Amino acid sequence: MSIKTFLLEKGVNYQEILLQDEVVHKMYMIDSGTSTVTSVPDGCIDLEFVREDGKDRVYICGSFTSGTVSPVNRYESCFGIKLNPGFIPEIVQDQTEGLVDNRIEVGEDPLFRELMLRLSETGDFAGKVHLVRQYLGVWGLSSTRNHMAGYAMDKIRESSGYLSVAELTDTMGYSQKYVDRVFRAVIGMSMKRYAMIVRAQEAIDRVMEGREDDVYDTLGYYDQAHFIREFKKHTLITPHKLVKNLEYYSIV
């Protein structure tokens with residue numbers, strides 16, 4: 001399943017490639033022009049190489065916890081790398097909580113700086129993807145995750161975010177408080193918050209597939225009003241407005 005990252009208005013120029021890779025989920029290039037891009041919470045970390053205010057910058061971006069008008073809207077250009085859930089660049093492994101709803105500029109790192117320069121000299125998307133693949137092995141994007149946090153993330157995703165934290169920790173043999181502390185230290189947010197994001201991602205998929213009717217019972221929303229409220233919190237749009245205006249909106 002493709003992780004949903006942005007709600008795009010018509011007119012946004014967007015390209016992506018999904019990777020069959022343990023660490024990297026996808027790469028993308030985006031130019032919003034005069035249209036609006038909304039960031040959708042996804043529980044992942046992105047590396048973004050951008051042109052902003054006439055300068056080349058490199059950001060490590062944490063997940064938002066609610067739908068937010070994206071910083072992409074003010075970039076002159078943006079090439080992004082989305083990591084799979086639970087994978088964190090070594091350069092920020094001790095700053096995960098500070099990354100949530102935030103970004104950290106890392107442009108002074110020599111490797112990132114070198115790649116930023118080469119990306120700015122490479123025009124097309126395919127060329128940028130090829131270039132980045134050459135750098136992935138030397139970035140410290142560890143191919144291992146914290147075992148406990150990784151196990152919890154996988155179980156939450158398998159249940160589409162519907163598995164309760166108490167049920168999850170019961171199967172792990174540790175106290176909920178301890179597991180959540182480890183999870184928060186590694187991922188930057190609580191298990192409950194992460195589960196809400198995963199559930200919203202699944203709800204987006206079902207709405208886009210025309211399966212809105214089975215969302216309430218199977219994903220644990222109390223009723224239609226609760227579902228609509230949570231959907232809008234994560235996307236800044238109601239499911240009805242999205243479905244009725246698919247010629248104007250897309251979620252990628």
# chains A, B, ... in the order shown; residues from 1 in each chain; ligands from 1
>>> select_by_dssp(residues="stretch 34-178 of chain A", states="alpha helix (DSSP H)", output="count of residues only")
49
>>> residues_around(residues="A:Arg206", least_positions_apart="5", cutoff="8 Å", atoms="only C-alpha atoms", output="PyMOL selection string")
chain A and resi 211-212+215
>>> residues_around(residues="A:Val50", least_positions_apart="3", cutoff="7 Å", atoms="only C-alpha atoms", output="MDAnalysis selection string")
chainID A and resid 56:58 75 77:79
>>> closest_residue(among="A:Gln224, A:Thr96, A:Thr238, A:Ser66", to="A:Thr5", atoms="only C-alpha atoms")
A:Ser66
>>> closest_atom_pairs(of="stretch 111-162 of chain A", to="stretch 15-18 of chain A", cutoff="10 Å", atoms="only C-alpha atoms", output="CSV")
residue,atom,partner,partner_atom,distance
A:Phe125,CA,A:Gln15,CA,7.5
A:Ala126,CA,A:Ile17,CA,9.1
A:Val129,CA,A:Ile17,CA,8.4
>>> atom_distance(atom1="atom CA of A:Tyr216", atom2="atom CA of A:Lys192")
18.3 Å
